[in-house]
>>> print(open('entry-v9.tsv').read())   # TSV, C-alpha atoms
chain	number	residue	atom	x	y	z
A	1	MET	CA	33.47	-72.04	179.67
A	2	GLU	CA	35.04	-71.58	176.27
A	3	ASP	CA	32.81	-72.02	173.24
A	4	THR	CA	33.44	-74.99	171.00
A	5	PHE	CA	32.15	-75.61	167.51
A	6	GLU	CA	29.87	-78.39	168.80
A	7	SER	CA	28.38	-76.30	171.64
A	8	LEU	CA	27.73	-73.43	169.23
A	9	GLN	CA	26.03	-75.86	166.84
A	10	THR	CA	23.75	-77.02	169.67
A	11	THR	CA	22.79	-73.41	170.37
A	12	LEU	CA	22.17	-72.78	166.68
A	13	ASP	CA	20.06	-75.93	166.25
A	14	ALA	CA	17.91	-74.97	169.24
A	15	TRP	CA	17.27	-71.50	167.80
A	16	ILE	CA	16.36	-72.96	164.38
A	17	ALA	CA	13.97	-75.46	166.00
A	18	THR	CA	12.27	-72.68	167.99
A	19	HIS	CA	11.88	-70.54	164.88
A	20	GLU	CA	10.42	-73.48	162.95
A	21	ALA	CA	7.92	-74.22	165.71
A	22	GLU	CA	6.75	-70.59	165.83
A	23	HIS	CA	6.67	-69.79	162.11
A	24	GLY	CA	6.16	-73.17	160.44
A	25	HIS	CA	9.42	-73.05	158.49
A	26	LYS	CA	13.14	-72.77	159.09
A	27	PRO	CA	14.71	-69.30	159.03
A	28	PRO	CA	16.34	-68.31	155.72
A	29	LYS	CA	20.10	-68.74	155.42
A	30	ALA	CA	20.59	-64.99	155.43
A	31	ARG	CA	19.26	-64.85	159.01
A	32	ILE	CA	21.11	-67.98	160.09
A	33	GLU	CA	24.39	-66.47	158.91
A	34	GLN	CA	23.71	-63.36	161.01
A	35	HIS	CA	23.21	-65.37	164.21
A	36	PRO	CA	26.02	-64.83	166.77
A	37	ALA	CA	26.58	-68.59	167.16
A	38	TYR	CA	27.04	-69.02	163.41
A	39	ARG	CA	29.46	-66.09	163.24
A	40	ARG	CA	31.43	-67.41	166.20
A	41	GLN	CA	31.67	-70.81	164.48
A	42	THR	CA	33.06	-69.14	161.37
A	43	SER	CA	35.65	-67.32	163.46
A	44	LEU	CA	36.78	-70.61	165.02
A	45	LEU	CA	37.11	-72.23	161.59
A	46	MET	CA	39.12	-69.28	160.27
A	47	ALA	CA	41.48	-69.47	163.26
A	48	ARG	CA	42.26	-73.11	162.46
A	49	CYS	CA	43.15	-72.42	158.81
A	50	PRO	CA	46.46	-71.10	157.45
A	51	PRO	CA	46.13	-67.42	156.57
A	52	PRO	CA	45.77	-66.53	152.88
A	53	ALA	CA	48.85	-65.63	150.86
A	54	ALA	CA	49.70	-61.95	150.45
A	55	ASP	CA	48.37	-61.82	146.87
A	56	ALA	CA	45.48	-64.29	147.37
A	57	CYS	CA	41.79	-63.62	147.80
A	58	ALA	CA	40.70	-62.78	151.34
A	59	ARG	CA	37.31	-64.57	151.13
A	60	PHE	CA	36.85	-67.42	153.61
A	61	MET	CA	34.84	-70.34	152.20
A	62	ARG	CA	33.07	-71.88	155.16
A	63	ARG	CA	31.89	-75.04	153.41
A	64	LYS	CA	35.43	-75.90	152.30
A	65	LYS	CA	36.89	-74.66	155.58
A	66	LYS	CA	39.64	-72.70	153.88
A	67	PHE	CA	40.43	-69.34	152.31
A	68	CYS	CA	40.04	-68.86	148.58
A	69	THR	CA	43.33	-69.56	146.78
A	70	LYS	CA	42.65	-67.49	143.65
A	71	ARG	CA	44.72	-64.41	142.97
A	72	ARG	CA	43.16	-61.22	144.29
A	73	THR	CA	42.14	-58.48	141.89
A	74	PRO	CA	44.76	-55.68	141.77
A	75	ASN	CA	43.72	-52.56	143.70
A	76	ASP	CA	40.54	-54.22	145.01
A	77	PRO	CA	39.73	-52.52	148.35
A	78	ASP	CA	38.35	-55.74	149.87
A	79	GLY	CA	41.17	-57.95	148.62
A	80	LEU	CA	38.85	-60.27	146.66
A	81	CYS	CA	39.39	-62.27	143.48
A	82	GLY	CA	37.39	-61.54	140.34
A	83	LEU	CA	34.74	-64.17	141.08
A	84	HIS	CA	34.07	-63.12	144.68
A	85	ARG	CA	34.27	-59.43	143.79
A	86	ALA	CA	31.56	-59.95	141.16
A	87	GLU	CA	29.39	-61.88	143.62
A	88	ALA	CA	29.79	-59.13	146.19
A	89	ALA	CA	28.73	-56.54	143.61
A	90	VAL	CA	25.59	-58.50	142.71
A	91	THR	CA	24.70	-59.06	146.36
A	92	SER	CA	25.14	-55.39	147.22
A	93	SER	CA	22.81	-54.44	144.36
A	94	LEU	CA	19.92	-56.20	146.10
A	95	THR	CA	18.71	-53.17	148.02
A	96	HIS	CA	15.17	-54.46	148.58
A	97	ALA	CA	14.09	-56.92	151.22
A	98	PRO	CA	12.63	-60.28	150.17
A	99	THR	CA	8.84	-60.42	150.21
A	100	SER	CA	8.78	-63.63	152.22
A	101	GLU	CA	10.98	-64.60	155.12
A	102	SER	CA	11.30	-68.11	153.73
A	103	LYS	CA	12.43	-66.93	150.30
A	104	LYS	CA	15.95	-67.94	149.34
A	105	SER	CA	18.04	-64.82	148.82
A	106	ASN	CA	21.64	-65.91	149.45
A	107	ILE	CA	22.58	-65.76	145.77
A	108	SER	CA	26.19	-65.03	146.61
A	109	LYS	CA	26.50	-68.63	147.75
A	110	ARG	CA	27.26	-71.40	145.30
A	111	MET	CA	24.14	-72.54	143.47
A	112	LYS	CA	23.00	-76.13	143.53
A	113	ARG	CA	24.69	-78.08	140.78
A	114	MET	CA	21.34	-78.76	139.18
A	115	LEU	CA	17.77	-77.64	139.87
A	116	ASN	CA	14.99	-80.13	139.19
A	117	PRO	CA	12.79	-78.54	136.48
A	118	PHE	CA	9.78	-80.61	137.48
A	119	ARG	CA	9.61	-78.75	140.79
A	120	VAL	CA	9.11	-75.34	139.14
A	121	ARG	CA	5.58	-74.60	137.97
A	122	GLU	CA	4.65	-72.60	134.90
A	123	THR	CA	4.66	-68.84	135.37
A	124	ASP	CA	1.40	-67.18	136.39
A	125	ALA	CA	-0.24	-65.28	133.55
A	126	ALA	CA	-0.13	-62.07	135.60
A	127	LYS	CA	3.68	-62.38	135.95
A	128	LEU	CA	4.45	-62.91	132.28
A	129	PRO	CA	6.57	-60.03	130.91
A	130	VAL	CA	5.13	-57.14	128.93
A	131	TRP	CA	7.72	-56.81	126.19
A	132	SER	CA	6.77	-53.28	125.19
A	133	GLU	CA	7.73	-52.19	128.71
A	134	ALA	CA	10.93	-54.25	128.77
A	135	TYR	CA	12.39	-53.01	125.48
A	136	LEU	CA	12.67	-49.55	124.00
A	137	ASP	CA	12.90	-50.68	120.35
A	138	MET	CA	10.66	-53.67	119.63
A	139	SER	CA	11.87	-53.88	116.02
A	140	LEU	CA	15.30	-55.20	117.04
A	141	PRO	CA	15.91	-58.95	116.71
A	142	LEU	CA	15.62	-60.88	119.97
A	143	TRP	CA	18.39	-63.08	121.40
A	144	VAL	CA	17.15	-65.52	124.08
A	145	ASP	CA	19.64	-67.20	126.44
A	146	ILE	CA	18.10	-70.32	128.03
A	147	GLY	CA	19.42	-71.00	131.52
A	148	CYS	CA	21.22	-67.67	131.82
A	149	ALA	CA	22.15	-68.11	135.54
A	150	LYS	CA	23.45	-64.70	136.72
A	151	GLY	CA	23.02	-63.22	133.26
A	152	ARG	CA	26.61	-62.10	132.82
A	153	TYR	CA	27.00	-63.66	129.37
A	154	LEU	CA	24.31	-61.47	127.81
A	155	MET	CA	25.60	-58.44	129.69
A	156	ASN	CA	29.08	-59.00	128.25
A	157	VAL	CA	27.74	-59.57	124.74
A	158	ASP	CA	25.71	-56.35	124.90
A	159	LYS	CA	28.69	-54.44	126.31
A	160	LYS	CA	31.00	-55.68	123.55
A	161	LEU	CA	28.52	-54.88	120.78
A	162	HIS	CA	27.80	-51.44	122.24
A	163	ALA	CA	31.54	-50.67	122.31
A	164	VAL	CA	31.61	-51.16	118.53
A	165	SER	CA	28.39	-49.33	117.71
A	166	GLU	CA	26.42	-46.80	119.74
A	167	ASN	CA	23.17	-48.10	118.26
A	168	ARG	CA	21.79	-51.20	119.91
A	169	GLN	CA	21.77	-54.18	117.55
A	170	TRP	CA	19.81	-56.73	119.60
A	171	ASN	CA	17.25	-57.08	122.32
A	172	PHE	CA	18.41	-59.66	124.88
A	173	CYS	CA	16.32	-61.90	127.11
A	174	GLY	CA	17.74	-64.28	129.71
A	175	VAL	CA	15.47	-67.05	130.98
A	176	GLU	CA	16.39	-68.64	134.31
A	177	LEU	CA	14.75	-71.20	136.60
A	178	PHE	CA	16.22	-69.76	139.83
A	179	ALA	CA	14.20	-66.66	140.72
A	180	PRO	CA	16.68	-64.77	143.00
A	181	LEU	CA	19.25	-64.71	140.19
A	182	VAL	CA	16.70	-63.15	137.84
A	183	GLU	CA	15.84	-60.41	140.33
A	184	ALA	CA	19.51	-59.66	140.94
A	185	ALA	CA	20.32	-59.55	137.22
A	186	ASN	CA	17.47	-57.14	136.45
A	187	LEU	CA	18.51	-54.89	139.34
A	188	GLN	CA	22.09	-54.92	138.15
A	189	VAL	CA	21.02	-53.92	134.64
A	190	GLN	CA	18.86	-51.10	136.02
A	191	GLN	CA	21.70	-49.74	138.13
A	192	LEU	CA	24.65	-50.25	135.78
A	193	GLN	CA	22.96	-49.84	132.38
A	194	PRO	CA	19.80	-47.78	133.05
A	195	GLU	CA	19.78	-46.27	129.56
A	196	SER	CA	20.03	-49.52	127.59
A	197	LYS	CA	16.42	-50.82	127.70
A	198	ASN	CA	17.40	-53.79	125.56
A	199	LEU	CA	18.38	-56.30	128.25
A	200	PHE	CA	15.80	-58.12	130.37
A	201	TYR	CA	15.68	-61.29	132.47
A	202	VAL	CA	12.70	-63.57	133.05
A	203	HIS	CA	12.03	-66.17	135.72
A	204	ALA	CA	10.35	-69.08	133.96
A	205	ASN	CA	10.46	-72.81	133.38
A	206	ILE	CA	11.25	-72.72	129.67
A	207	ASN	CA	9.89	-76.23	129.08
A	208	LYS	CA	6.48	-75.14	130.34
A	209	ASP	CA	6.47	-71.46	129.35
A	210	LEU	CA	8.16	-71.42	125.92
A	211	GLU	CA	5.04	-70.52	123.91
A	212	ARG	CA	3.40	-68.56	126.73
A	213	LEU	CA	6.29	-66.08	126.83
A	214	GLN	CA	5.49	-65.00	123.24
A	215	PHE	CA	9.01	-63.82	122.40
A	216	PRO	CA	8.85	-60.84	120.01
A	217	ASN	CA	10.96	-60.98	116.83
A	218	LEU	CA	12.96	-64.03	117.97
A	219	ARG	CA	16.13	-64.56	115.89
A	220	ARG	CA	18.68	-66.35	118.06
A	221	VAL	CA	18.68	-68.87	120.92
A	222	SER	CA	21.74	-69.69	123.01
A	223	PHE	CA	21.78	-72.82	125.15
A	224	LEU	CA	25.07	-72.80	127.03
A	225	PHE	CA	26.27	-75.45	129.46
A	226	PRO	CA	22.87	-76.86	130.44
A	227	ASP	CA	22.63	-79.05	133.53
A	228	PRO	CA	24.23	-82.41	132.64
A	229	TRP	CA	21.45	-84.69	133.78
A	230	SER	CA	22.41	-88.33	133.28
A	231	CYS	CA	25.87	-87.62	131.86
A	232	GLY	CA	29.30	-89.18	132.19
A	233	GLU	CA	29.61	-91.55	135.13
A	234	HIS	CA	26.08	-90.71	136.22
A	235	THR	CA	24.40	-92.02	133.07
A	236	THR	CA	21.00	-93.43	134.02
A	237	SER	CA	17.65	-93.40	132.28
A	238	LYS	CA	16.08	-92.07	135.46
A	239	ASN	CA	17.27	-88.47	135.13
A	240	ALA	CA	17.59	-88.11	131.36
A	241	LYS	CA	13.99	-86.86	131.23
A	242	LYS	CA	15.04	-83.77	133.23
A	243	ARG	CA	17.15	-82.42	130.37
A	244	VAL	CA	15.81	-79.19	128.88
A	245	MET	CA	16.56	-80.26	125.31
A	246	ASN	CA	14.55	-83.22	124.06
A	247	PRO	CA	12.90	-84.04	120.71
A	248	ASP	CA	9.66	-82.29	121.65
A	249	PHE	CA	11.41	-79.12	122.87
A	250	ALA	CA	13.59	-79.01	119.75
A	251	LEU	CA	10.46	-79.13	117.59
A	252	ARG	CA	8.84	-76.35	119.61
A	253	ILE	CA	11.93	-74.17	119.18
A	254	SER	CA	11.90	-74.78	115.43
A	255	LYS	CA	8.32	-73.48	115.24
A	256	LEU	CA	9.34	-70.17	116.86
A	257	LEU	CA	12.58	-69.48	114.98
A	258	PRO	CA	12.16	-68.04	111.45
A	259	PRO	CA	14.33	-69.16	108.50
A	260	GLY	CA	17.79	-67.71	108.98
A	261	GLY	CA	17.52	-67.72	112.76
A	262	ASP	CA	20.08	-69.78	114.67
A	263	ILE	CA	20.65	-71.73	117.84
A	264	TYR	CA	24.03	-71.89	119.55
A	265	PHE	CA	24.79	-74.54	122.15
A	266	ALA	CA	27.91	-75.47	124.09
A	267	THR	CA	28.68	-78.05	126.76
A	268	ASP	CA	31.69	-79.84	128.21
A	269	TRP	CA	29.86	-83.20	128.21
A	270	LEU	CA	30.25	-85.08	124.92
A	271	ASP	CA	27.23	-87.34	125.38
A	272	LEU	CA	25.04	-84.32	126.13
A	273	ALA	CA	26.40	-82.43	123.11
A	274	LEU	CA	25.64	-85.37	120.82
A	275	ASP	CA	22.13	-85.67	122.25
A	276	ILE	CA	21.35	-81.95	121.75
A	277	ARG	CA	22.74	-82.12	118.21
A	278	LYS	CA	20.63	-85.17	117.43
A	279	CYS	CA	17.41	-83.65	118.83
A	280	LEU	CA	17.78	-80.51	116.72
A	281	LEU	CA	18.75	-82.26	113.48
A	282	GLU	CA	15.98	-84.85	113.76
A	283	THR	CA	13.40	-82.10	113.43
A	284	GLY	CA	14.61	-81.54	109.86
A	285	CYS	CA	14.35	-77.79	110.49
A	286	PHE	CA	18.01	-77.06	111.22
A	287	ASP	CA	21.14	-77.18	109.07
A	288	ILE	CA	24.81	-77.26	110.06
A	289	PRO	CA	26.80	-74.78	107.94
A	290	SER	CA	29.50	-76.44	105.83
A	291	PHE	CA	32.18	-75.44	103.35
A	292	ARG	CA	30.10	-76.99	100.57
A	293	ASP	CA	27.31	-74.54	101.28
A	294	SER	CA	29.61	-71.55	101.76
A	295	SER	CA	31.26	-72.09	98.37
A	296	ASN	CA	27.86	-72.26	96.66
A	297	GLN	CA	28.57	-75.72	95.23
A	298	SER	CA	25.73	-78.21	94.76
A	299	THR	CA	23.25	-75.46	95.59
A	300	ALA	CA	20.75	-77.19	93.34
A	301	GLN	CA	19.99	-79.46	96.28
A	302	LEU	CA	19.11	-76.46	98.43
A	303	ASN	CA	16.10	-74.22	98.10
A	304	PRO	CA	16.75	-70.46	97.63
A	305	VAL	CA	16.21	-69.60	101.30
A	306	GLN	CA	18.61	-72.30	102.48
A	307	SER	CA	21.38	-71.50	99.99
A	308	SER	CA	21.24	-67.77	100.64
A	309	HIS	CA	21.46	-67.80	104.42
A	310	ILE	CA	23.92	-70.68	104.75
A	311	ALA	CA	26.24	-69.34	102.05
A	312	GLN	CA	26.73	-66.16	104.09
A	313	TYR	CA	27.00	-67.90	107.46
A	314	PRO	CA	30.44	-67.72	109.12
A	315	TYR	CA	30.23	-70.37	111.87
A	316	ILE	CA	31.35	-73.55	110.12
A	317	PRO	CA	32.46	-76.48	112.33
A	318	THR	CA	35.87	-77.88	111.41
A	319	LEU	CA	37.14	-79.98	114.35
A	320	LYS	CA	36.50	-83.64	115.10
A	321	THR	CA	35.92	-84.74	118.66
A	322	SER	CA	39.42	-86.16	119.12
A	323	GLN	CA	40.94	-82.94	117.77
A	324	ILE	CA	39.11	-80.86	120.35
A	325	SER	CA	40.44	-83.03	123.16
A	326	SER	CA	44.03	-83.06	121.92
A	327	ASN	CA	44.18	-79.35	121.10
A	328	HIS	CA	42.42	-78.06	124.18
A	329	PHE	CA	45.56	-77.02	126.07
A	330	SER	CA	45.41	-74.26	128.64
A	331	THR	CA	48.30	-71.93	129.39
A	332	GLN	CA	47.62	-72.17	133.10
A	333	GLN	CA	50.50	-74.00	134.74
A	334	GLN	CA	49.55	-73.88	138.43
A	335	VAL	CA	47.43	-77.00	138.83
A	336	SER	CA	47.48	-79.80	141.34
A	337	GLN	CA	49.18	-83.09	140.46
A	338	LEU	CA	45.86	-84.89	140.96
A	339	LEU	CA	44.15	-82.70	138.38
A	340	GLN	CA	46.99	-83.29	135.92
A	341	GLU	CA	46.71	-87.05	136.30
A	342	ASP	CA	42.94	-86.97	135.82
A	343	LEU	CA	42.78	-84.68	132.80
A	344	ILE	CA	46.24	-84.39	131.22
A	345	ASP	CA	48.28	-86.92	129.30
A	346	VAL	CA	51.68	-86.78	131.01
A	347	GLN	CA	53.63	-87.49	127.79
A	348	THR	CA	51.85	-85.13	125.39
A	349	LYS	CA	50.85	-82.49	127.98
A	350	PHE	CA	47.45	-82.28	126.26
A	351	ALA	CA	43.99	-83.11	127.56
A	352	LYS	CA	43.19	-86.82	127.46
A	353	PRO	CA	41.11	-87.76	124.41
A	354	GLU	CA	37.60	-89.15	124.60
A	355	THR	CA	37.20	-92.90	124.96
A	356	LEU	CA	35.02	-93.06	121.82
A	357	THR	CA	36.72	-92.71	118.46
A	358	ASP	CA	35.49	-90.30	115.80
A	359	ALA	CA	34.39	-93.26	113.67
A	360	GLU	CA	32.27	-94.66	116.50
A	361	ILE	CA	30.69	-91.25	117.10
A	362	ASP	CA	29.96	-90.74	113.39
A	363	LEU	CA	28.42	-94.20	113.16
A	364	SER	CA	25.93	-93.44	115.94
A	365	SER	CA	25.15	-89.88	114.85
A	366	GLY	CA	22.61	-90.67	112.14
A	367	SER	CA	22.73	-89.64	108.49
A	368	TRP	CA	23.98	-86.08	108.95
A	369	GLY	CA	27.59	-86.69	108.00
A	370	PRO	CA	30.67	-86.54	110.25
A	371	VAL	CA	30.34	-84.96	113.68
A	372	LEU	CA	32.26	-81.69	113.66
A	373	TRP	CA	32.47	-78.92	116.26
A	374	LEU	CA	33.41	-75.25	116.21
A	375	ALA	CA	37.09	-74.45	116.64
A	376	GLY	CA	36.41	-71.19	118.51
A	377	ILE	CA	33.80	-69.22	120.40
A	378	PRO	CA	31.22	-67.58	118.10
A	379	TYR	CA	29.75	-64.11	118.43
A	380	ASP	CA	32.94	-62.14	119.08
A	381	GLY	CA	34.41	-64.73	121.43
A	382	VAL	CA	32.41	-63.75	124.52
A	383	GLN	CA	32.95	-66.35	127.26
A	384	THR	CA	30.70	-67.62	130.00
A	385	GLU	CA	31.84	-68.35	133.54
A	386	ARG	CA	31.81	-72.07	132.69
A	387	ASP	CA	34.15	-71.40	129.77
A	388	LEU	CA	36.74	-70.05	132.19
A	389	VAL	CA	36.33	-73.03	134.52
A	390	CYS	CA	36.78	-75.49	131.65
A	391	GLU	CA	39.91	-73.69	130.48
A	392	ALA	CA	41.40	-73.90	133.95
A	393	GLN	CA	40.64	-77.64	134.15
A	394	TRP	CA	41.59	-78.54	130.57
A	395	ARG	CA	38.05	-79.70	129.82
A	396	ALA	CA	37.13	-79.92	126.15
A	397	ILE	CA	34.10	-77.87	125.09
A	398	TYR	CA	31.82	-78.94	122.26
A	399	ARG	CA	30.17	-76.02	120.45
A	400	LEU	CA	27.88	-75.86	117.48
A	401	VAL	CA	25.69	-73.31	115.72
A	402	LEU	CA	22.72	-74.60	113.73
A	403	VAL	CA	20.73	-72.47	111.30
A	404	ARG	CA	16.95	-72.62	110.86
A	405	ASN	CA	16.06	-73.62	107.31
A	406	SER	CA	12.77	-73.14	105.46
A	407	VAL	CA	11.32	-76.58	106.23
A	408	VAL	CA	7.94	-76.28	107.91
A	409	ALA	CA	7.99	-77.86	111.38
A	410	SER	CA	5.70	-80.85	111.71
A	411	GLN	CA	2.67	-80.41	113.91
>>> encode(input="entry-v9.tsv", output="structure tokens")
Amino acid sequence: MEDTFESLQTTLDAWIATHEAEHGHKPPKARIEQHPAYRRQTSLLMARCPPPAADACARFMRRKKKFCTKRRTPNDPDGLCGLHRAEAAVTSSLTHAPTSESKKSNISKRMKRMLNPFRVRETDAAKLPVWSEAYLDMSLPLWVDIGCAKGRYLMNVDKKLHAVSENRQWNFCGVELFAPLVEAANLQVQQLQPESKNLFYVHANINKDLERLQFPNLRRVSFLFPDPWSCGEHTTSKNAKKRVMNPDFALRISKLLPPGGDIYFATDWLDLALDIRKCLLETGCFDIPSFRDSSNQSTAQLNPVQSSHIAQYPYIPTLKTSQISSNHFSTQQQVSQLLQEDLIDVQTKFAKPETLTDAEIDLSSGSWGPVLWLAGIPYDGVQTERDLVCEAQWRAIYRLVLVRNSVVASQ
């Protein structure tokens, strides 16, 4: 009798149930994917799909039941695109076996869209990092990336800075809620950059472990594309409390950053960007650089520390919200008609503007002046993976750098 997808699923379900009865938990996905029934199912799905184009990626995406349509990387031996080639490299770097059979280790799969922070406990004291072992030069300023995911952003920043100067300029620390990604990132650093000793990743719930981590010589915090809890069409008061940035967290950050330190955030959700901006500015401990400050005019209103560090600061926001939407045009032309109708104005060929006007946004933003965003990507233009996705989908990105002033954070 020939196998069908349904009969193979029955066999697979029976094996999973037996494993759960014997061990008290379901087998990890890595073992399920190695089961003959699962592999046979994948083969049947692949046989039903049109084969990939000659220059397309050869990776079959089981959940979508189709081959990847991205262009394959030239001269790649496995015929994969850049994204799947990078995932394969990270997966192959995991040479150790997981300590528990139930531990999730399939990091090459797509992550959950959002991970509930309330389900992750604070880090055990014995597992907190020893910074003197993580970094070779403790005198370097520390750059912390909150929610670093696979850690590639900090790796690319370090690589770009090292290409300019042989001497390391920063120590980097990525903090991530999803433990397997942290393990993979640290292994990748050890194997690809064993001599650096200035790049380290930590598994922690930053809301619970911020002070306990005791960051040494902290000077910069990046907060890029955080999970959009309660954003857009899904705006509800129920999930807003799950956002990492809130008034209390902003105040805690301000107590750790010294005057002249900065925080850089970016998101493709306008309501989330406005909320992060509001939380930071309401502490009274952060300033937004402006042309007034950079030209040293009206410096009598600023204390010496403020006027000195803002006057030399290069990241001055210049674009209104509507300007970001209308100017955010990607050069990519191969896009589905549905995507064009959802995101692109057919007449202007630009991204559709936000529903709120700049005047309405300014009116609700408090007493901090007009809401302006950065026109480009700061810190040598290093992009995250989400940056590339937003470019491909014509999604506007709202970026801002705020500088720590000399105001003492309230207790």
>>> residues_around(input="entry-v9.tsv", residues="stretch 164-177 of chain A", least_positions_apart="5", cutoff="7 Å", atoms="only C-alpha atoms", output="PDB file with C-alpha atoms, keeping the file's coordinate frame")
ATOM      1  CA  LEU A 140      15.300 -55.200 117.040  1.00  0.00           C
ATOM      2  CA  PRO A 141      15.910 -58.950 116.710  1.00  0.00           C
ATOM      3  CA  LEU A 142      15.620 -60.880 119.970  1.00  0.00           C
ATOM      4  CA  TRP A 143      18.390 -63.080 121.400  1.00  0.00           C
ATOM      5  CA  VAL A 144      17.150 -65.520 124.080  1.00  0.00           C
ATOM      6  CA  ASP A 145      19.640 -67.200 126.440  1.00  0.00           C
ATOM      7  CA  ILE A 146      18.100 -70.320 128.030  1.00  0.00           C
ATOM      8  CA  GLY A 147      19.420 -71.000 131.520  1.00  0.00           C
ATOM      9  CA  CYS A 148      21.220 -67.670 131.820  1.00  0.00           C
ATOM     10  CA  ALA A 149      22.150 -68.110 135.540  1.00  0.00           C
ATOM     11  CA  GLY A 151      23.020 -63.220 133.260  1.00  0.00           C
ATOM     12  CA  LEU A 154      24.310 -61.470 127.810  1.00  0.00           C
ATOM     13  CA  VAL A 182      16.700 -63.150 137.840  1.00  0.00           C
ATOM     14  CA  ASN A 198      17.400 -53.790 125.560  1.00  0.00           C
ATOM     15  CA  LEU A 199      18.380 -56.300 128.250  1.00  0.00           C
ATOM     16  CA  PHE A 200      15.800 -58.120 130.370  1.00  0.00           C
ATOM     17  CA  TYR A 201      15.680 -61.290 132.470  1.00  0.00           C
ATOM     18  CA  VAL A 202      12.700 -63.570 133.050  1.00  0.00           C
ATOM     19  CA  HIS A 203      12.030 -66.170 135.720  1.00  0.00           C
ATOM     20  CA  ALA A 204      10.350 -69.080 133.960  1.00  0.00           C
ATOM     21  CA  ASN A 205      10.460 -72.810 133.380  1.00  0.00           C
TER      22      ASN A 205
END
>>> residues_around(input="entry-v9.tsv", residues="stretch 43-60 of chain A", least_positions_apart="3", cutoff="7 Å", atoms="all atoms listed in the file", output="PyMOL selection string")
chain A and resi 39-40+65-72+79-81
>>> closest_residue(input="entry-v9.tsv", among="A:Phe178, A:Asp287, A:Gly381, A:Asp271", to="A:Leu356", atoms="only C-alpha atoms")
A:Asp271
>>> atom_distance(input="entry-v9.tsv", atom1="atom CA of A:Arg395", atom2="atom CA of A:Asp268")
6.6 Å
>>> atom_distance(input="entry-v9.tsv", atom1="atom CA of A:Ser290", atom2="atom CA of A:Gln383")
23.9 Å
>>> residues_around(input="entry-v9.tsv", residues="A:Asp13", least_positions_apart="5", cutoff="12 Å", atoms="all atoms listed in the file", output="list in words")
Glu6, Ser7, Leu8, Thr18, His19, Glu20, Lys26, Pro27, Ile32, His35, Ala37 and Tyr38 of chain A
>>> residues_around(input="entry-v9.tsv", residues="stretch 243-248 of chain A", least_positions_apart="5", cutoff="9 Å", atoms="all atoms listed in the file", output="PDB file with C-alpha atoms, in the frame of the given file")
ATOM      1  CA  PRO A 117      12.790 -78.540 136.480  1.00  0.00           C
ATOM      2  CA  ILE A 206      11.250 -72.720 129.670  1.00  0.00           C
ATOM      3  CA  ASN A 207       9.890 -76.230 129.080  1.00  0.00           C
ATOM      4  CA  PRO A 226      22.870 -76.860 130.440  1.00  0.00           C
ATOM      5  CA  ASP A 227      22.630 -79.050 133.530  1.00  0.00           C
ATOM      6  CA  PRO A 228      24.230 -82.410 132.640  1.00  0.00           C
ATOM      7  CA  TRP A 229      21.450 -84.690 133.780  1.00  0.00           C
ATOM      8  CA  SER A 230      22.410 -88.330 133.280  1.00  0.00           C
ATOM      9  CA  ILE A 253      11.930 -74.170 119.180  1.00  0.00           C
ATOM     10  CA  ASP A 275      22.130 -85.670 122.250  1.00  0.00           C
ATOM     11  CA  ILE A 276      21.350 -81.950 121.750  1.00  0.00           C
ATOM     12  CA  LYS A 278      20.630 -85.170 117.430  1.00  0.00           C
ATOM     13  CA  CYS A 279      17.410 -83.650 118.830  1.00  0.00           C
ATOM     14  CA  LEU A 280      17.780 -80.510 116.720  1.00  0.00           C
ATOM     15  CA  GLU A 282      15.980 -84.850 113.760  1.00  0.00           C
ATOM     16  CA  THR A 283      13.400 -82.100 113.430  1.00  0.00           C
TER      17      THR A 283
END
>>> atom_distance(input="entry-v9.tsv", atom1="atom CA of A:Arg219", atom2="atom CA of A:Glu391")
29.4 Å
>>> closest_residue(input="entry-v9.tsv", among="A:Arg121, A:His23, A:Lys29, A:Arg220", to="A:Tyr379", atoms="only C-alpha atoms")
A:Arg220
